[in-house]
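> Following this message is one structure expressed as C-alpha cells.
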Amino acid sequence: MAELTGRVGGYSRGKGGSMHMFSVEKNFYGGHGIVGAQVPLGTGLAFADKYKGDDSVSLTFFGDGAANQGQVYESFNMAKLWDLPVVFVIENNQYAMGTSIERSSSETHLYKRGASFGIPGEEVDGMDVLAVRDAGRRAVKHARSGKGPMILEMKTYRYRGHSMSDPAKYRTREEVNEVRQHHDPIDHAKARILDEGWADEAALKVVDKEVRAIVADAADFAQGSPEPDVSELLTDVLAPGSV
C-alpha cells in the first residue's frame, strides 16, 4: 500500500506505483509500463532458473489485451524451444482496458495460443478459488518436471473500470450485476465453506475481522510513511557501475 500511495516505505521506495512493484526478497519481479513487456522478463527468469538448476518455476501474468502483443509469442517460442520452467497465466477479464475480446481477438480461447509452439493450455474458472489452486498446482508440477511451459487462461471479471478514468460504458449494468450476484469468488468460497461444514459463520467473522485489521495496519503504515524527497528523483535509475 505504501508503494501504491507513492511513499518511501513502499517496495520500490514509492517510485514504482502499481506498475513497477518489485521485491527480490519475495521473488516478485514486478510488472511493466509497456503492455506485455513483463512476459519476456518472466521467461528470462525461467531461463535463469533452469540454468541454475534450482527447481524454481516462474509465474508470468498478463491480461487478455496483452495476449495480442508480439513479444508474448517470441517468449512462447523460446520457452518451449528450451523447455523452460514457466507458467504463463492469462488473466482474461474479457474487456482488456475497455475493448471486448470478441472485437480484438480472432481466437478468443486464449489457452490455445500456445498450440503452434507445442505448449499445452487449460481454461480455468478464475472466479473459483479452488479451481485456480488446483490448476496452478498442475501447471507448476508440469513445468517443474522438465516438460516446459504451460498456459493457464483464468476466465475472470472486473466489476469496475480499468482505471479511475474508465466509466466502463462498454458493457451493461445488468451484465455486471449478473456476475456479481452469481459468480463472485468470495461469495462462492464462503458458501462452499459453510456447505461443506469447514467453518461456521462465527469463525468466518473472526477471519474477516483479522483481515480487516491487516488491511487497516497496512493503510496506516502507508499513510505514516513520508513521500520521497526530491533528491531521490534520479536514484535507482541505473545499476551501479553501468555508466
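We label chains A, B, ... in the order they appear in the C-alpha cells, count residues from 1 in each chain, and number ligands from 1 in the order shown.
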Stretch 42-237 of chain A: which residues are strand (DSSP E) by DSSP, as a list of chain:residue names?
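Result set for stretch 42-237 of chain A (strand (DSSP E)): A:Ser58, A:Leu59, A:Thr60, A:Phe61, A:Phe62, A:Gly63, A:Val86, A:Val87, A:Phe88, A:Val89, A:Ile90, A:Glu91, A:Asn92, A:Gly121, A:Glu122, A:Glu123, A:Val124, A:Asp125, A:Met150, A:Ile151, A:Leu152, A:Glu153, A:Met154, A:Lys155.
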> Write out as number ranges by chain the residues lying within 12 Å of A:Ser104, counting only C-alpha atoms and excluding same-chain residues fewer than 3 positions away.
A: 64-69, 94-101, 107-108, 110
> Which of these residues is nearest to A:Ser56, using only C-alpha atoms: A:Pro85, A:Asn92, A:Trp198, A:Gly6?
A:Pro85
> Where does stretch 45-66 of chain A meet stretch 23-29 of chain A within 12 Å, residue by residue, with the nearest atom pair and distance in Å to one decimal for each, counting only C-alpha atoms, listed by chain and rising number, as a Markdown table?

| residue | atom | partner | partner_atom | distance |
| --- | --- | --- | --- | --- |
| A:Leu45 | CA | A:Tyr29 | CA | 9.1 |
| A:Ala46 | CA | A:Tyr29 | CA | 12.0 |
| A:Asp49 | CA | A:Asn27 | CA | 11.8 |
| A:Ser56 | CA | A:Asn27 | CA | 10.3 |
| A:Val57 | CA | A:Asn27 | CA | 10.8 |
| A:Ser58 | CA | A:Asn27 | CA | 9.4 |
| A:Leu59 | CA | A:Phe28 | CA | 9.6 |
| A:Thr60 | CA | A:Tyr29 | CA | 9.7 |
| A:Phe61 | CA | A:Tyr29 | CA | 11.1 |
> Between atom CA of A:Arg133 and atom CA of A:Gln71, what is the spacing in Å?
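Atom CA of A:Arg133 lies 27.5 Å from atom CA of A:Gln71.
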> What's the 8 Å shell around A:Gly9, counting only C-alpha atoms, without same-chain residues fewer than 4 positions away, as a VMD selection string?
chain A and resid 2 to 3 13 to 14 222 225 to 226
> Find the spatial neighbours of A:Val87, counting only C-alpha atoms, within a cut-off of 6 Å - ignore same-chain residues fewer than 2 positions away - and output them as a ChimeraX atom specification.
/A:59,149-151
> Considering only C-alpha atoms, state which residue in the set A:Ala219, A:Leu81, A:Ala48, A:Ala191 is at the smallest distance from A:Ser116.
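Closest residue, counting only C-alpha atoms: A:Leu81.
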> Using only C-alpha atoms, determine which residues lie at most 7 Å from stretch 120-129 of chain A, disregarding the query and same-chain residues fewer than 2 positions distant; provide the list as a VMD selection string.
chain A and resid 111 to 112 114 to 115 118 131 to 133 150 to 156 183 to 185 189
> Store the residues of this selection in a file with C-alpha atoms, as a PDB file, in the first residue's frame.

ATOM      1  CA  TYR A 111      -5.414 -21.025 -23.664  1.00  0.00           C
ATOM      2  CA  LYS A 112      -4.996 -22.275 -27.251  1.00  0.00           C
ATOM      3  CA  GLY A 114       0.483 -21.800 -27.448  1.00  0.00           C
ATOM      4  CA  ALA A 115      -0.671 -24.665 -29.684  1.00  0.00           C
ATOM      5  CA  GLY A 118       3.619 -27.171 -28.592  1.00  0.00           C
ATOM      6  CA  ALA A 131     -10.261 -24.360  -9.370  1.00  0.00           C
ATOM      7  CA  VAL A 132      -7.475 -21.780  -9.578  1.00  0.00           C
ATOM      8  CA  ARG A 133      -5.495 -23.519  -6.834  1.00  0.00           C
ATOM      9  CA  MET A 150       2.175 -24.260 -19.746  1.00  0.00           C
ATOM     10  CA  ILE A 151      -0.584 -21.695 -20.290  1.00  0.00           C
ATOM     11  CA  LEU A 152      -3.445 -21.129 -17.854  1.00  0.00           C
ATOM     12  CA  GLU A 153      -6.273 -18.908 -19.067  1.00  0.00           C
ATOM     13  CA  MET A 154      -8.059 -17.612 -15.991  1.00  0.00           C
ATOM     14  CA  LYS A 155     -11.567 -16.529 -17.025  1.00  0.00           C
ATOM     15  CA  THR A 156     -12.323 -13.693 -14.637  1.00  0.00           C
ATOM     16  CA  HIS A 183     -20.238 -15.709  -9.823  1.00  0.00           C
ATOM     17  CA  ASP A 184     -18.486 -13.654  -7.152  1.00  0.00           C
ATOM     18  CA  PRO A 185     -15.429 -15.653  -5.994  1.00  0.00           C
ATOM     19  CA  ALA A 189     -15.929 -19.633  -1.489  1.00  0.00           C
TER      20      ALA A 189
END
> Rounded to one decimal place, report the atom CA of A:Ser12-atom CA of A:Val230 distance in Å.
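Distance between the two atoms: 15.3 Å.
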> Mind pulling up the distance from atom CA of A:Phe117 to atom CA of A:Asn77?
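We find that atom CA of A:Asn77 and atom CA of A:Phe117 lie 5.9 Å from each other.
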> With only C-alpha atoms as the atoms that count, which of A:Lys209, A:Tyr159, A:Arg144, A:Ala135 lies nearest to A:Asp54?
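Nearest candidate to A:Asp54 out of A:Lys209, A:Tyr159, A:Arg144, A:Ala135: A:Arg144.
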